[in-house]
Structure formats: structure tokens, C-alpha cells
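Each remark here refers to the structure printed beneath this line.
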Amino acid sequence: MNQNHQTQTNQGLTAKHVCKAFGKVKALDDVTLDVKPGEFFTLLGPSGCGKTTLLRIIAGLELADAGQILTGGKDITGLPAIKRPVNTVFQSYALFPHLTIYENVAFGLRSRKFPEAEIKKRVGRRIEMLDLQEMADRHPHQLSGGQKQRVALARALVNEPDVLLLDEPMSALDARLRAQVQEDLRRLQRKLGRTFILVTHDQAEALVCSDRLAVMRSGRVIQIGTPEQVYDNPRDSFVAKFLGAANLIPSKRVPGGVETELGFLALDKEPPWEEGTVAIRPEWIRIGDEKPERNGIRARVSEIVYRGTNFDLWLEPGHLRVRTSSYKRVEAGREVWLELAPQELVILEDDHV
């Protein structure tokens, strides 16, 4: 691929004030986001939050009630799906059962009347990239779930779309294979340098794959940022709970910090509210035998869950969840000191929900 062609096709995508209702239900409520060229961007949220509806509007499979979709600065809102510079990999893969893997991958090029030599070249390149050479003559029913997923990717990528849309493409895979495919997908995206937009409800998938992600709820975008930004500084209780585990501590503002059921907790900055919530991730709470200098809480271990790589401990008061390494064993009933360091406490803004 020459330099000019690569620059031309490596485009981002913008959604501006997109609205969509199904009857009285607002599926999308004034959604605006900007996906950079060559970025792996994820739409993350629970079922019914509007993420798949937004993806279908981007693909041209659904019409928005209002708003615009742009790729490379060009308005494609009115273009039919077949004329948009995007391709979609669906949750079901949607492979043609009567065609070989080679013919499945070649289908889009054949329908667009590409010369046979060009089809052979492009299909061969994508089949090799996704390590499908030995399966080219097989049919979909002869493949595993992970292999079918790779065929669906090859079929979408062979058309060289500006933007690749992925609608929960790994949800049908078992946990071990899903983890492997997530890493493979991330490597593939980096190798191609294309814009990928992934829809998922799986927080681990979003953290592994994304350059940036948008957390959605009830048809609205609640927060956009890198996985680290959103995980470390969730905007509200919903984001804190949906992206990872979080201890949510009801709080009342007092000089220097907040008063809680755990006692006084010092904060690095003053909350914007009189009463609200502060959060801390389970793995950010330090556990020990001696009282820390600041924000020390005396607590009793009430429950222990072994998770292989770590223990999850529940402690009273406050039903706090603490995550410790599996080599550090703590018995139920034991009293310990917890440190909820001021720099680890996140002040949440729940008033906008």
C-alpha cells in the first residue's frame, strides 16, 4: 500500500448530536463523540444503553432521528450502508455456510466486480495475516468459534474500510479463547493502523483493547477517556461500578475531608458537594498490622474469596472490599488496619445522572 493511499484511508469518525428513539424509548440522547484516525475506540455499557444502536447508525443499518455521522470530515449521514467506508463484524459472524473460507473472504470484492487477480492478491494477504491459509478450502461448519471470528475479520478487512465496526464479536467465545482473541485483535489493529470501533459490555475486553473508551448509560455518553483515565478517575458511581469493582462510601463534607460511617477521611481536594460519594478501588486499599498516619480504619475480615491471582476480602464496618495478592493470606475474623490513602480516594459527581 503506498503512502498516499494509506493516508487517504486512515480516517477517524465523528458522531454529532445523534438522537434515536424507538417509540417512547430514547435509545440515543444527543450523543457526540470523536474517534481519532487509527484509534481503537470502544463503546462500553450494559444491555440497552444504546451502544449497538449507535454502531448500526454509523454502519448505515439504522437511520438517526437527528444528528450527523462524519468520516474524514465528510458527512456520510445520508449514504446507504453499501456506500459507506465502513465494514461491520457482527456478533454472529454471519458467514455464508455454503461457501469456502476463501470465497467468504472474497465475497465483498466479487460483489463489487473486482478483477480476479486483485481478488486473489487481497484475499491471500488477509488470509495469511489472520493465519487461515490451511483452512481456505474448508466451510464454516468445520471451524471453531475463534477461527470463524478470524474469517469474519478477514472478510471485513479485505474491503480495506476506513473504519472497522465490531459488534460484540467475542461474546460467543469461551473465556480462555476470548482473552486470546482480545490480544490478537489489539495486535492486528496496531499492525494495520486502521480505525476500529468496538461495542462490548465486557469491562476486561474494553480495558485490554482500547486506546480510548466511552462509557454509555441510558442512551447517553457518561465519560470518555483512556482506560487508565476512566478507571482511575471515574466520573460517577455508575462508571466506578461498571468499569471494575469499587467501594462507594457515602460522605458528608467537613473541613479537610469527609465524615463517613468509617470515620473521618482526609481528602487531597475539597468536594464540590455537601453530601455525596467518594470511591476507592479494592486494590488501592492497603492492609496491615499497624495504624497508618492518615485515614487508618480498624476493620474485621468478615469474608474471603479466593480468585487464584488474588484474594477478595470483605471487611466490616462499611462492607469494604479489599483485594490482596494470593500470597498474602488473611484469616476470616481477624482485625486489621486499612489505609484509604487520600490520593486514592476519588470524589464522584453523581448529580448529573
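Note on naming: chains are A, B, ... as they come in the C-alpha cells, residues start from 1 per chain, ligands start from 1 in the order shown.
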
Near Leu130 in chain A, counting only C-alpha atoms, which residues have an atom at most 7 Å away, once you skip same-chain residues fewer than 2 positions from it, shown as a VMD selection string? chain A and resid 126 to 128 132 150 154

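Proximity to Asp167 in chain A at 7 Å, evaluated using only C-alpha atoms and with sequence-adjacent residues fewer than 2 positions away removed, yields Thr52, Val89, Phe90, Gln91, Leu165, Pro169, Leu198 and Val199 of chain A.
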
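Nearest residue to Leu192 in chain A among A:Phe40, A:Arg294, A:Asp131, A:Leu61 is A:Phe40, counting only C-alpha atoms.
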
As a list in words, please: the residues near Leu164 in chain A (cut-off 6 Å, only C-alpha atoms, same-chain neighbours under 4 positions excluded).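 The filter keeps Val86, Asn87, Thr88 and Phe196 of chain A.
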
Using N, CA and C atoms, can you write the selected residues to a file as a PDB file, in the first residue's frame?
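result-v5.pdb written:
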ATOM      1  N   VAL A  86     -17.105   1.905   5.722  1.00  0.00           N
ATOM      2  CA  VAL A  86     -17.031   1.118   6.953  1.00  0.00           C
ATOM      3  C   VAL A  86     -17.418  -0.327   6.647  1.00  0.00           C
ATOM      4  N   ASN A  87     -16.938  -1.230   7.476  1.00  0.00           N
ATOM      5  CA  ASN A  87     -17.372  -2.631   7.432  1.00  0.00           C
ATOM      6  C   ASN A  87     -17.654  -3.081   8.855  1.00  0.00           C
ATOM      7  N   THR A  88     -18.574  -4.040   8.989  1.00  0.00           N
ATOM      8  CA  THR A  88     -19.000  -4.486  10.305  1.00  0.00           C
ATOM      9  C   THR A  88     -18.740  -5.972  10.489  1.00  0.00           C
ATOM     10  N   PHE A 196     -10.678   1.236  14.535  1.00  0.00           N
ATOM     11  CA  PHE A 196     -11.576   0.177  14.981  1.00  0.00           C
ATOM     12  C   PHE A 196     -12.544   0.770  16.009  1.00  0.00           C
TER      13      PHE A 196
END

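Between Ala206 in chain A and the candidates A:Arg186, A:Lys26, A:Lys269, A:Lys36, the tightest atom-to-atom separation, counting only C-alpha atoms, involves A:Arg186.
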